[in-house]
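Source file: start17.txt. Holds: compact mmCIF, C-alpha atoms and all ligand atoms.
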# COMPACT_ATOMS: atom_id res chain seq x y z
CA MET A 1 0.00 0.00 0.00
CA ARG A 2 1.24 3.50 -0.91
CA LEU A 3 0.24 6.06 1.70
CA LEU A 4 0.42 9.83 1.21
CA VAL A 5 0.74 11.53 4.61
CA THR A 6 0.35 15.31 4.58
CA GLY A 7 1.94 17.23 7.43
CA GLY A 8 4.14 14.23 8.24
CA ALA A 9 6.97 16.46 9.51
CA GLY A 10 4.71 17.96 12.20
CA PHE A 11 3.92 16.62 15.66
CA ILE A 12 1.13 14.09 15.11
CA GLY A 13 2.05 13.36 11.49
CA ALA A 14 5.67 12.50 12.35
CA ASN A 15 4.54 10.18 15.15
CA PHE A 16 2.10 8.61 12.67
CA VAL A 17 4.91 8.01 10.15
CA HIS A 18 7.16 6.42 12.82
CA GLN A 19 4.30 4.21 13.98
CA SER A 20 3.39 3.25 10.40
CA VAL A 21 6.95 2.23 9.54
CA ALA A 22 7.26 0.21 12.77
CA GLU A 23 3.87 -1.49 12.72
CA HIS A 24 2.92 -1.62 9.01
CA PRO A 25 6.15 -2.49 7.16
CA GLU A 26 4.17 -3.28 4.00
CA VAL A 27 3.29 0.41 3.64
CA GLU A 28 5.32 2.84 1.50
CA VAL A 29 5.00 6.33 2.94
CA THR A 30 5.30 9.61 1.04
CA VAL A 31 5.16 12.71 3.21
CA LEU A 32 3.97 16.00 1.72
CA ASP A 33 4.97 18.84 4.03
CA LYS A 34 5.60 22.55 3.49
CA LEU A 35 8.11 22.55 6.36
CA THR A 36 6.63 25.66 7.93
CA TYR A 37 7.98 26.77 11.31
CA ALA A 38 6.04 23.74 12.72
CA GLY A 39 7.55 21.14 10.39
CA ASN A 40 10.94 19.61 11.07
CA ARG A 41 12.93 17.22 8.88
CA ALA A 42 14.67 15.99 12.02
CA SER A 43 11.39 14.48 13.21
CA LEU A 44 11.65 11.95 10.36
CA ALA A 45 15.37 11.18 10.79
CA GLY A 46 16.43 7.54 10.83
CA LEU A 47 13.49 6.15 8.87
CA GLY A 48 15.57 5.37 5.78
CA ASP A 49 14.07 4.24 2.46
CA ALA A 50 10.64 3.51 3.91
CA VAL A 51 9.74 7.21 3.76
CA THR A 52 10.03 9.84 1.01
CA LEU A 53 9.68 13.48 2.02
CA VAL A 54 8.32 15.90 -0.61
CA GLU A 55 8.61 19.53 0.42
CA GLY A 56 5.53 21.32 -0.89
CA ASP A 57 2.18 22.92 -0.18
CA VAL A 58 -1.11 21.03 0.16
CA ALA A 59 -2.77 24.02 -1.51
CA ASP A 60 -0.65 23.46 -4.67
CA GLY A 61 -3.24 21.71 -6.84
CA ALA A 62 -0.83 20.43 -9.50
CA LEU A 63 1.60 18.92 -6.99
CA VAL A 64 -1.21 17.38 -4.95
CA ASP A 65 -2.79 15.90 -8.08
CA ARG A 66 0.50 14.21 -9.04
CA LEU A 67 1.13 12.78 -5.57
CA VAL A 68 -2.43 11.59 -5.03
CA ALA A 69 -2.38 9.83 -8.42
CA GLU A 70 0.51 7.69 -7.11
CA ALA A 71 -1.17 6.84 -3.76
CA ASP A 72 -3.64 4.18 -2.58
CA ALA A 73 -4.72 6.29 0.41
CA VAL A 74 -4.20 9.78 1.83
CA VAL A 75 -4.08 10.72 5.52
CA HIS A 76 -4.37 14.49 5.85
CA PHE A 77 -2.67 15.94 8.94
CA ALA A 78 -1.22 19.13 7.42
CA ALA A 79 -2.67 22.26 8.97
CA GLU A 80 -1.91 25.50 10.68
CA SER A 81 -2.63 24.15 14.15
CA HIS A 82 -2.05 26.75 16.88
CA ASN A 83 -4.95 28.85 18.22
CA ASP A 84 -2.74 31.69 19.46
CA ASN A 85 -1.17 32.10 16.00
CA SER A 86 -4.62 32.15 14.41
CA LEU A 87 -5.53 35.13 16.59
CA ALA A 88 -2.40 37.01 15.51
CA ASP A 89 -2.80 36.23 11.77
CA PRO A 90 -5.72 34.12 10.52
CA TRP A 91 -4.78 34.13 6.81
CA PRO A 92 -2.43 31.09 6.71
CA PHE A 93 -5.21 29.14 8.49
CA VAL A 94 -7.74 29.98 5.78
CA GLN A 95 -5.23 29.18 3.04
CA THR A 96 -3.85 25.88 4.37
CA ASN A 97 -6.79 24.45 6.27
CA LEU A 98 -9.51 25.32 3.75
CA ILE A 99 -7.82 25.67 0.33
CA GLY A 100 -5.38 22.84 1.14
CA THR A 101 -8.21 20.48 2.03
CA TYR A 102 -10.10 21.54 -1.10
CA ALA A 103 -7.05 20.71 -3.28
CA LEU A 104 -6.76 17.26 -1.70
CA LEU A 105 -10.47 16.54 -2.07
CA GLU A 106 -10.41 17.44 -5.75
CA ALA A 107 -7.43 15.12 -6.29
CA VAL A 108 -8.88 12.14 -4.39
CA ARG A 109 -12.15 12.68 -6.24
CA LYS A 110 -10.40 12.64 -9.63
CA HIS A 111 -8.24 9.59 -8.87
CA ASP A 112 -10.76 7.76 -6.63
CA VAL A 113 -8.31 7.46 -3.74
CA ARG A 114 -9.32 6.65 -0.15
CA TYR A 115 -9.00 9.73 2.08
CA HIS A 116 -8.84 10.16 5.85
CA HIS A 117 -9.28 13.64 7.27
CA VAL A 118 -7.65 14.37 10.64
CA SER A 119 -9.56 16.98 12.61
CA THR A 120 -10.14 18.33 16.07
CA ASP A 121 -12.74 18.36 18.84
CA GLU A 122 -12.54 22.17 18.75
CA VAL A 123 -15.04 22.19 15.87
CA TYR A 124 -17.72 21.59 18.53
CA GLY A 125 -16.89 24.73 20.51
CA ASP A 126 -16.64 24.35 24.29
CA LEU A 127 -18.54 22.95 27.27
CA GLU A 128 -19.30 24.34 30.72
CA LEU A 129 -17.11 22.89 33.46
CA ASP A 130 -20.09 21.16 35.11
CA ASP A 131 -21.83 19.99 31.90
CA PRO A 132 -22.44 16.22 32.25
CA GLN A 133 -22.45 15.86 28.45
CA ARG A 134 -19.39 15.29 26.32
CA PHE A 135 -18.92 15.80 22.57
CA THR A 136 -20.29 13.03 20.35
CA GLU A 137 -20.50 12.56 16.57
CA ARG A 138 -23.93 14.25 16.75
CA THR A 139 -22.85 17.44 18.55
CA PRO A 140 -23.55 20.55 16.40
CA TYR A 141 -20.56 22.47 15.07
CA ASN A 142 -19.86 25.72 16.97
CA PRO A 143 -16.18 26.69 16.55
CA SER A 144 -14.73 29.68 18.44
CA SER A 145 -11.38 30.66 16.93
CA PRO A 146 -10.00 31.29 13.43
CA TYR A 147 -8.15 27.97 13.79
CA SER A 148 -11.15 25.91 14.83
CA SER A 149 -13.47 27.58 12.33
CA THR A 150 -11.15 26.71 9.44
CA LYS A 151 -10.93 23.11 10.69
CA ALA A 152 -14.73 23.02 10.93
CA GLY A 153 -14.98 24.37 7.38
CA SER A 154 -12.55 21.72 6.15
CA ASP A 155 -14.63 18.95 7.79
CA LEU A 156 -17.74 20.28 6.05
CA LEU A 157 -15.95 20.25 2.70
CA VAL A 158 -15.16 16.57 3.28
CA ARG A 159 -18.78 15.76 4.15
CA ALA A 160 -19.99 17.56 1.01
CA TRP A 161 -17.46 15.79 -1.25
CA VAL A 162 -18.60 12.42 0.16
CA ARG A 163 -22.26 13.14 -0.41
CA SER A 164 -22.07 15.06 -3.70
CA PHE A 165 -19.21 13.26 -5.45
CA GLY A 166 -18.99 9.87 -3.73
CA VAL A 167 -15.48 10.50 -2.40
CA ARG A 168 -14.36 7.60 -0.16
CA ALA A 169 -13.55 9.61 2.98
CA THR A 170 -13.66 9.34 6.76
CA ILE A 171 -13.15 12.04 9.40
CA SER A 172 -11.76 11.83 12.93
CA ASN A 173 -12.00 14.56 15.56
CA CYS A 174 -9.53 14.15 18.39
CA SER A 175 -8.87 15.92 21.68
CA ASN A 176 -5.56 17.44 22.87
CA ASN A 177 -2.51 15.31 22.10
CA TYR A 178 0.76 15.14 24.02
CA GLY A 179 3.98 13.22 23.46
CA PRO A 180 7.29 13.44 21.57
CA PHE A 181 7.95 15.90 18.70
CA GLN A 182 5.33 18.45 19.81
CA HIS A 183 6.29 22.04 19.02
CA VAL A 184 7.41 24.17 22.00
CA GLU A 185 4.65 26.71 21.30
CA LYS A 186 2.07 24.24 22.68
CA PHE A 187 1.08 24.08 26.35
CA ILE A 188 2.84 20.96 27.65
CA PRO A 189 6.13 21.27 25.71
CA ARG A 190 6.27 24.97 26.53
CA GLN A 191 6.06 24.34 30.26
CA VAL A 192 8.39 21.31 30.14
CA THR A 193 11.08 23.28 28.29
CA ASN A 194 10.54 26.28 30.59
CA LEU A 195 11.13 24.01 33.58
CA ILE A 196 14.24 22.50 31.97
CA ASP A 197 15.47 26.11 31.57
CA GLY A 198 14.60 26.96 35.18
CA VAL A 199 11.75 29.29 34.07
CA ARG A 200 8.35 29.28 35.81
CA PRO A 201 5.44 27.73 33.83
CA LYS A 202 2.95 30.22 32.32
CA LEU A 203 -0.75 29.64 32.92
CA TYR A 204 -3.35 31.53 30.88
CA GLY A 205 -5.88 33.22 33.19
CA ALA A 206 -6.86 31.23 36.27
CA GLY A 207 -5.91 27.85 34.75
CA ALA A 208 -9.42 26.44 35.17
CA ASN A 209 -9.80 25.56 31.47
CA VAL A 210 -10.06 21.81 30.89
CA ARG A 211 -8.51 19.80 28.06
CA ASP A 212 -9.08 16.08 27.39
CA TRP A 213 -5.52 14.74 27.04
CA ILE A 214 -4.61 11.75 24.87
CA HIS A 215 -1.17 10.36 24.07
CA VAL A 216 -0.28 10.88 20.41
CA GLU A 217 0.35 7.13 19.90
CA ASP A 218 -3.21 6.36 20.99
CA HIS A 219 -4.55 9.00 18.58
CA ASN A 220 -2.56 7.51 15.71
CA ALA A 221 -3.58 3.94 16.53
CA ALA A 222 -7.18 5.13 16.25
CA VAL A 223 -6.46 6.82 12.91
CA TRP A 224 -5.12 3.48 11.63
CA ARG A 225 -8.27 1.69 12.84
CA VAL A 226 -10.49 4.21 11.01
CA LEU A 227 -8.37 4.06 7.87
CA ALA A 228 -8.56 0.26 7.84
CA ASP A 229 -12.16 -0.40 8.88
CA GLY A 230 -14.01 2.93 9.24
CA ARG A 231 -17.30 3.37 7.38
CA ILE A 232 -17.10 5.75 4.41
CA GLY A 233 -18.72 9.08 5.24
CA GLN A 234 -18.55 8.42 8.99
CA THR A 235 -17.06 10.73 11.63
CA TYR A 236 -15.29 9.11 14.63
CA LEU A 237 -14.41 10.97 17.82
CA ILE A 238 -11.08 10.05 19.41
CA GLY A 239 -10.50 10.59 23.12
CA ALA A 240 -9.04 8.75 26.10
CA ASP A 241 -11.06 10.08 29.07
CA GLY A 242 -8.17 12.37 30.02
CA GLU A 243 -9.85 15.52 31.30
CA ARG A 244 -7.53 17.75 33.36
CA SER A 245 -7.55 21.46 34.16
CA ASN A 246 -4.51 23.39 32.96
CA LEU A 247 -3.67 24.08 36.60
CA GLU A 248 -3.63 20.33 37.35
CA VAL A 249 -1.27 19.74 34.42
CA VAL A 250 1.10 22.50 35.55
CA ARG A 251 1.08 21.13 39.12
CA ALA A 252 1.86 17.61 37.84
CA LEU A 253 4.81 18.99 35.87
CA LEU A 254 6.07 20.97 38.86
CA GLU A 255 5.96 17.79 40.93
CA ILE A 256 7.86 15.82 38.27
CA PHE A 257 10.55 18.53 38.31
CA GLY A 258 10.64 18.58 42.12
CA ARG A 259 9.44 22.18 42.29
CA ASP A 260 7.00 23.88 44.63
CA ALA A 261 3.29 23.50 43.69
CA ASP A 262 2.85 27.30 43.40
CA ASP A 263 6.00 27.93 41.39
CA PHE A 264 4.20 29.22 38.26
CA ASP A 265 2.99 32.56 36.80
CA HIS A 266 -0.49 33.59 35.72
CA VAL A 267 -0.25 35.43 32.37
CA SER A 268 -2.77 37.15 30.06
CA ASP A 269 -5.62 34.90 29.02
CA ARG A 270 -6.27 33.86 25.39
CA PRO A 271 -9.07 35.97 23.85
CA GLY A 272 -12.17 33.78 23.35
CA HIS A 273 -10.45 30.96 25.30
CA ASP A 274 -12.53 27.75 25.07
CA LEU A 275 -13.41 26.59 28.58
CA ARG A 276 -13.62 22.81 28.32
CA TYR A 277 -13.34 20.01 25.77
CA ALA A 278 -14.50 16.45 26.53
CA ILE A 279 -14.83 13.51 24.14
CA ASP A 280 -17.21 10.57 24.20
CA SER A 281 -15.40 7.97 22.06
CA THR A 282 -17.99 5.19 22.46
CA LEU A 283 -18.51 4.76 18.70
CA LEU A 284 -14.81 4.27 18.00
CA ARG A 285 -14.45 1.82 20.89
CA THR A 286 -17.52 -0.28 20.16
CA GLU A 287 -17.46 -0.28 16.36
CA LEU A 288 -13.72 -0.41 15.70
CA GLY A 289 -12.49 -2.02 18.93
CA TRP A 290 -10.04 0.77 19.75
CA SER A 291 -8.93 1.53 23.30
CA PRO A 292 -6.07 3.70 24.58
CA ARG A 293 -2.82 2.16 25.84
CA TYR A 294 -1.75 5.28 27.77
CA THR A 295 -4.38 5.21 30.51
CA ASP A 296 -2.10 6.67 33.22
CA PHE A 297 -1.64 10.37 32.34
CA ARG A 298 1.09 10.83 34.94
CA SER A 299 3.38 8.15 33.47
CA GLY A 300 2.70 9.40 29.91
CA LEU A 301 3.69 12.88 31.11
CA GLU A 302 6.86 11.55 32.77
CA ALA A 303 7.86 9.78 29.53
CA THR A 304 7.22 13.01 27.60
CA VAL A 305 9.36 15.01 30.04
CA ALA A 306 12.14 12.43 29.61
CA TRP A 307 11.88 12.77 25.81
CA TYR A 308 12.32 16.57 25.97
CA ARG A 309 15.25 16.21 28.39
CA GLU A 310 16.92 13.80 25.93
CA HIS A 311 16.15 15.78 22.75
CA GLU A 312 17.20 19.34 23.53
CA ASP A 313 18.89 19.53 20.11
CA TRP A 314 15.43 19.01 18.55
CA TRP A 315 13.53 21.74 20.44
CA ARG A 316 16.16 24.30 21.41
CA PRO A 317 16.36 26.11 18.00
CA ALA A 318 12.65 27.12 18.23
CA LYS A 319 12.47 28.09 21.90
CA ALA A 320 13.70 31.72 21.94
CA ARG A 321 11.51 32.79 18.99
CA VAL A 322 8.40 31.25 20.57
CA GLU A 323 9.00 32.97 23.90
CA ALA A 324 9.65 36.31 22.14
CA ALA A 325 6.25 36.03 20.40
CA TYR A 326 4.51 35.22 23.70
CA ALA A 327 6.17 38.29 25.27
CA VAL A 328 4.43 40.51 22.69
CA THR A 329 0.96 39.21 23.71
CA GLY A 330 1.64 39.41 27.46
CA GLN A 331 1.77 35.61 27.76
CA ALA A 332 5.42 35.30 28.81
P1 LIG A 401 1.70 20.73 13.73
O1 LIG A 401 1.52 22.21 13.64
O2 LIG A 401 2.66 20.17 14.71
O3 LIG A 401 2.14 20.17 12.29
C1 LIG A 401 1.54 20.62 11.10
C2 LIG A 401 2.40 20.17 9.94
O4 LIG A 401 1.75 20.59 8.73
C3 LIG A 401 3.81 20.76 9.93
O5 LIG A 401 4.76 19.79 9.60
C4 LIG A 401 3.73 21.84 8.84
O6 LIG A 401 4.97 22.06 8.19
C5 LIG A 401 2.71 21.19 7.90
N1 LIG A 401 2.03 22.18 7.06
C6 LIG A 401 1.48 23.36 7.45
N2 LIG A 401 0.96 23.99 6.39
C7 LIG A 401 1.18 23.22 5.30
C8 LIG A 401 0.87 23.32 3.93
N3 LIG A 401 0.23 24.40 3.44
N4 LIG A 401 1.24 22.32 3.11
C9 LIG A 401 1.90 21.24 3.57
N5 LIG A 401 2.23 21.09 4.87
C10 LIG A 401 1.88 22.07 5.73
O7 LIG A 401 0.25 20.13 13.93
P2 LIG A 401 -0.22 18.84 14.76
O8 LIG A 401 -0.44 19.22 16.17
O9 LIG A 401 0.67 17.70 14.43
O10 LIG A 401 -1.67 18.60 14.12
C11 LIG A 401 -1.82 17.76 12.97
C12 LIG A 401 -3.28 17.68 12.61
O11 LIG A 401 -4.01 17.14 13.70
C13 LIG A 401 -3.93 19.03 12.31
O12 LIG A 401 -4.83 18.86 11.24
C14 LIG A 401 -4.67 19.38 13.57
O13 LIG A 401 -5.78 20.21 13.30
C15 LIG A 401 -5.08 18.01 14.05
N6 LIG A 401 -5.26 17.85 15.51
C16 LIG A 401 -4.29 18.23 16.38
C17 LIG A 401 -4.46 18.00 17.73
C18 LIG A 401 -3.38 18.37 18.74
O14 LIG A 401 -3.61 18.23 19.94
N7 LIG A 401 -2.19 18.81 18.33
C19 LIG A 401 -5.63 17.41 18.20
C20 LIG A 401 -6.64 17.05 17.27
C21 LIG A 401 -6.42 17.27 15.93
O1 LIG A 402 -8.40 20.02 21.22
C1 LIG A 402 -7.54 19.76 20.15
C2 LIG A 402 -6.65 20.96 19.90
O2 LIG A 402 -5.69 20.97 20.94
C3 LIG A 402 -5.99 20.92 18.54
O3 LIG A 402 -6.96 21.05 17.54
C4 LIG A 402 -4.97 22.06 18.39
O4 LIG A 402 -4.26 21.92 17.16
C5 LIG A 402 -3.98 21.98 19.54
O5 LIG A 402 -3.09 23.07 19.48
C6 LIG A 402 -4.74 22.00 20.87
O6 LIG A 402 -5.40 23.29 21.04
P1 LIG A 402 -5.35 24.08 22.45
O7 LIG A 402 -5.57 25.50 22.17
O8 LIG A 402 -6.21 23.39 23.45
O9 LIG A 402 -3.80 23.75 22.85
P2 LIG A 402 -2.64 24.63 23.50
O10 LIG A 402 -1.49 23.71 23.72
O11 LIG A 402 -2.38 25.89 22.76
O12 LIG A 402 -3.25 25.03 24.92
C7 LIG A 402 -3.77 24.06 25.81
C8 LIG A 402 -4.39 24.81 26.99
O13 LIG A 402 -3.34 25.43 27.75
C9 LIG A 402 -5.32 25.92 26.59
O14 LIG A 402 -6.39 25.99 27.53
C10 LIG A 402 -4.46 27.18 26.67
C11 LIG A 402 -3.53 26.86 27.81
N1 LIG A 402 -2.16 27.44 27.77
C12 LIG A 402 -1.45 27.34 26.62
C13 LIG A 402 -0.16 27.81 26.57
C14 LIG A 402 0.67 27.73 25.29
C15 LIG A 402 -1.63 27.99 28.92
O15 LIG A 402 -2.28 28.06 29.99
N2 LIG A 402 -0.34 28.44 28.88
C16 LIG A 402 0.43 28.38 27.75
O16 LIG A 402 1.60 28.81 27.77
In structure tokens, how does this file's structure come out?
Ligand code: NAD
Ligand code: DAU
Amino acid sequence: MRLLVTGGAGFIGANFVHQSVAEHPEVEVTVLDKLTYAGNRASLAGLGDAVTLVEGDVADGALVDRLVAEADAVVHFAAESHNDNSLADPWPFVQTNLIGTYALLEAVRKHDVRYHHVSTDEVYGDLELDDPQRFTERTPYNPSSPYSSTKAGSDLLVRAWVRSFGVRATISNCSNNYGPFQHVEKFIPRQVTNLIDGVRPKLYGAGANVRDWIHVEDHNAAVWRVLADGRIGQTYLIGADGERSNLEVVRALLEIFGRDADDFDHVSDRPGHDLRYAIDSTLLRTELGWSPRYTDFRSGLEATVAWYREHEDWWRPAKARVEAAYAVTGQA
């Protein structure tokens, strides 16, 4: 099988490529990645001939058409992915997340290639802290930020291309991932690398916002299950029952680093900050038999901290620029 993986030099995509090479040796992987600030060739180092990296844009229709024609399936991870960046400059989000998805859909339509669309729980908006309900496949779309609205729009393009043109596509919407190769702009790697540098973690607002954490390997195992056996046109929610407030996560990290529980700073909140995400992944579990392997958040976090301690050469080049950008918005 020839698999085209877009965004395979980013966080989740690179983990997906590593997992695919290790667990599906029959698969030939081509990565299409623009190598934006978030993409890193080093994340694919050591994979040898099993993986070909093409540097290019998912919104480049001619390039996408050529690569899709040579593939048996496409898994689309490429995106502008960071909410804070989408508040500073929404345009790359519109271009990559919407036009890029459109270009891929037109190519898979033309060449009749199986397509899996990787998306986010943020398309559903947010929940109150005490809401007993969680997001399901039937929750109405209600995105809050430029990032999540462009992801929602891309999901709707996929649904329309399935219904109108018979494209063979599935969609998955996952909660917050953590693990190796995550960019230092994101919450957990930012605090881990701050702590390695002896800097206090930075909590937006009061830290009461809740995210539903899942290890990236569990997310990618679910993507493989959907790609293999998911029903065409179906959406699957991916989540591992990992709800934690941001304050709880910071306190867990402080404990891992042997620091005092109050050794952090409150910084300016994110405008429009979603309060809580929570996933009900019953459909994925019952229909496709998926379940998470990382059920102990604390040990997953410890392994992630160890990875960042051991891979300073990977994250260090990006750290100063990220912190300088956060200083401009009062979040440093
Ligand atoms: P990331 O920002 O770490 O990686 C994105 C990758 O896409 C990078 O390698 C970047 O170079 C590439 N890219 C960006 N624009 C491109 C373009 N125009 N053409 C080709 N490549 C381009 O993102 P991530 O956290 O790995 O997220 C991957 C996907 O998973 C995204 O679609 C995101 O919406 C979704 N998702 C992420 C999470 C999460 O917690 N990180 C959760 C659910 C869903
Ligand atoms: O839910 C899935 C989404 O999770 C994905 O679609 C996005 O691509 C991914 O970036 C992530 O979005 P969030 O906005 O939830 O992730 P982020 O890491 O930016 O922030 C997580 C929480 O931590 C959020 O409530 C904001 C807060 N935060 C973030 C940073 C960077 C802080 O308190 N301090 C920080 O320094």
Per residue of chain A within 8 Å of ligand LIG 402 (chain A), note the shortest atom pair and the distance in Å to one decimal, counting only C-alpha atoms and all ligand atoms, and order the rows by chain and increasing residue number, as a tab-separated table.
residue	atom	partner	partner_atom	distance
A:Glu80	CA	A:LIG402	O4	7.8
A:Ser81	CA	A:LIG402	O4	4.1
A:His82	CA	A:LIG402	O5	4.6
A:Asn83	CA	A:LIG402	O7	5.2
A:Asp84	CA	A:LIG402	O11	6.7
A:Ser119	CA	A:LIG402	O3	6.9
A:Thr120	CA	A:LIG402	O3	4.4
A:Asp121	CA	A:LIG402	O1	5.2
A:Glu122	CA	A:LIG402	O1	5.3
A:Tyr147	CA	A:LIG402	O4	7.9
A:Ser148	CA	A:LIG402	O3	7.0
A:Cys174	CA	A:LIG402	C1	6.2
A:Ser175	CA	A:LIG402	O1	4.2
A:Asn176	CA	A:LIG402	O2	4.0
A:Asn177	CA	A:LIG402	O2	6.6
A:Glu185	CA	A:LIG402	C14	5.7
A:Lys186	CA	A:LIG402	O10	3.7
A:Phe187	CA	A:LIG402	O10	3.7
A:Ile188	CA	A:LIG402	O10	6.5
A:Arg190	CA	A:LIG402	O16	6.2
A:Gln191	CA	A:LIG402	O16	6.8
A:Pro201	CA	A:LIG402	O16	7.3
A:Lys202	CA	A:LIG402	O16	5.0
A:Leu203	CA	A:LIG402	O15	3.7
A:Tyr204	CA	A:LIG402	O15	3.7
A:Gly205	CA	A:LIG402	O15	7.1
A:Gly207	CA	A:LIG402	O15	6.0
A:Asn209	CA	A:LIG402	O14	5.2
A:Val210	CA	A:LIG402	O14	6.5
A:Arg211	CA	A:LIG402	O8	6.3
A:Asp212	CA	A:LIG402	O1	7.4
A:Asn246	CA	A:LIG402	O13	5.7
A:Leu247	CA	A:LIG402	O15	7.8
A:Val267	CA	A:LIG402	N2	7.8
A:Asp269	CA	A:LIG402	O15	7.7
A:Arg270	CA	A:LIG402	C10	7.0
A:His273	CA	A:LIG402	O14	6.8
A:Asp274	CA	A:LIG402	O14	6.8
A:Leu275	CA	A:LIG402	O14	7.1
A:Arg276	CA	A:LIG402	O14	7.9
A:Tyr277	CA	A:LIG402	O1	6.7
A:Gln331	CA	A:LIG402	O16	6.8
A:Ala332	CA	A:LIG402	O16	7.6
Can you write just those residues out, C-alpha atoms, as an mmCIF file, in the frame of the given file?
data_model
loop_
_atom_site.group_PDB
_atom_site.id
_atom_site.type_symbol
_atom_site.label_atom_id
_atom_site.label_comp_id
_atom_site.auth_asym_id
_atom_site.auth_seq_id
_atom_site.Cartn_x
_atom_site.Cartn_y
_atom_site.Cartn_z
ATOM 1 C CA GLU A 80 -1.910 25.500 10.680
ATOM 2 C CA SER A 81 -2.630 24.150 14.150
ATOM 3 C CA HIS A 82 -2.050 26.750 16.880
ATOM 4 C CA ASN A 83 -4.950 28.850 18.220
ATOM 5 C CA ASP A 84 -2.740 31.690 19.460
ATOM 6 C CA SER A 119 -9.560 16.980 12.610
ATOM 7 C CA THR A 120 -10.140 18.330 16.070
ATOM 8 C CA ASP A 121 -12.740 18.360 18.840
ATOM 9 C CA GLU A 122 -12.540 22.170 18.750
ATOM 10 C CA TYR A 147 -8.150 27.970 13.790
ATOM 11 C CA SER A 148 -11.150 25.910 14.830
ATOM 12 C CA CYS A 174 -9.530 14.150 18.390
ATOM 13 C CA SER A 175 -8.870 15.920 21.680
ATOM 14 C CA ASN A 176 -5.560 17.440 22.870
ATOM 15 C CA ASN A 177 -2.510 15.310 22.100
ATOM 16 C CA GLU A 185 4.650 26.710 21.300
ATOM 17 C CA LYS A 186 2.070 24.240 22.680
ATOM 18 C CA PHE A 187 1.080 24.080 26.350
ATOM 19 C CA ILE A 188 2.840 20.960 27.650
ATOM 20 C CA ARG A 190 6.270 24.970 26.530
ATOM 21 C CA GLN A 191 6.060 24.340 30.260
ATOM 22 C CA PRO A 201 5.440 27.730 33.830
ATOM 23 C CA LYS A 202 2.950 30.220 32.320
ATOM 24 C CA LEU A 203 -0.750 29.640 32.920
ATOM 25 C CA TYR A 204 -3.350 31.530 30.880
ATOM 26 C CA GLY A 205 -5.880 33.220 33.190
ATOM 27 C CA GLY A 207 -5.910 27.850 34.750
ATOM 28 C CA ASN A 209 -9.800 25.560 31.470
ATOM 29 C CA VAL A 210 -10.060 21.810 30.890
ATOM 30 C CA ARG A 211 -8.510 19.800 28.060
ATOM 31 C CA ASP A 212 -9.080 16.080 27.390
ATOM 32 C CA ASN A 246 -4.510 23.390 32.960
ATOM 33 C CA LEU A 247 -3.670 24.080 36.600
ATOM 34 C CA VAL A 267 -0.250 35.430 32.370
ATOM 35 C CA ASP A 269 -5.620 34.900 29.020
ATOM 36 C CA ARG A 270 -6.270 33.860 25.390
ATOM 37 C CA HIS A 273 -10.450 30.960 25.300
ATOM 38 C CA ASP A 274 -12.530 27.750 25.070
ATOM 39 C CA LEU A 275 -13.410 26.590 28.580
ATOM 40 C CA ARG A 276 -13.620 22.810 28.320
ATOM 41 C CA TYR A 277 -13.340 20.010 25.770
ATOM 42 C CA GLN A 331 1.770 35.610 27.760
ATOM 43 C CA ALA A 332 5.420 35.300 28.810
#
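Between atom CA of A:Gly125 and atom CA of A:Gly39 the interatomic distance comes to 26.7 Å.
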Q: Grab me every residue within 7 Å of ligand LIG 401 (chain A), counting only C-alpha atoms and all ligand atoms, and send it over as a VMD selection string.
A: chain A and resid 6 to 13 32 to 40 56 to 59 76 to 82 96 100 118 to 121 151 173 to 178 182 to 183
**Q.** 10 Å contact set for A:Arg134, only C-alpha atoms, chain neighbours under 4 positions out, as a list in words
**A.** Asp126, Leu127, Thr139, Arg276, Tyr277, Ala278, Ile279, Asp280 and Ser281 of chain A
I want to know what sits within 9 Å of A:Val108, based on all atoms listed in the file, with residues of the same chain fewer than 2 positions away left out; could you give that as a PDB file with C-alpha atoms, in the frame of the given file?
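For reference, around.pdb as written:
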ATOM      1  CA  ASP A  65      -2.790  15.900  -8.080  1.00  0.00           C
ATOM      2  CA  VAL A  68      -2.430  11.590  -5.030  1.00  0.00           C
ATOM      3  CA  ALA A  69      -2.380   9.830  -8.420  1.00  0.00           C
ATOM      4  CA  ALA A  73      -4.720   6.290   0.410  1.00  0.00           C
ATOM      5  CA  VAL A  74      -4.200   9.780   1.830  1.00  0.00           C
ATOM      6  CA  ALA A 103      -7.050  20.710  -3.280  1.00  0.00           C
ATOM      7  CA  LEU A 104      -6.760  17.260  -1.700  1.00  0.00           C
ATOM      8  CA  LEU A 105     -10.470  16.540  -2.070  1.00  0.00           C
ATOM      9  CA  GLU A 106     -10.410  17.440  -5.750  1.00  0.00           C
ATOM     10  CA  LYS A 110     -10.400  12.640  -9.630  1.00  0.00           C
ATOM     11  CA  HIS A 111      -8.240   9.590  -8.870  1.00  0.00           C
ATOM     12  CA  ASP A 112     -10.760   7.760  -6.630  1.00  0.00           C
ATOM     13  CA  VAL A 113      -8.310   7.460  -3.740  1.00  0.00           C
ATOM     14  CA  ARG A 114      -9.320   6.650  -0.150  1.00  0.00           C
ATOM     15  CA  TYR A 115      -9.000   9.730   2.080  1.00  0.00           C
ATOM     16  CA  VAL A 167     -15.480  10.500  -2.400  1.00  0.00           C
ATOM     17  CA  ARG A 168     -14.360   7.600  -0.160  1.00  0.00           C
TER      18      ARG A 168
END
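Compared by their closest atoms to A:Arg109, and using all atoms listed in the file, the residues A:Phe135, A:Tyr141, A:Trp161, A:Trp224 rank with A:Trp161 nearest.
When all atoms listed in the file are used to measure the gap to A:Ala88, the shortest distance among A:Gln19, A:Arg298, A:Ser245, A:Pro146 belongs to A:Pro146.
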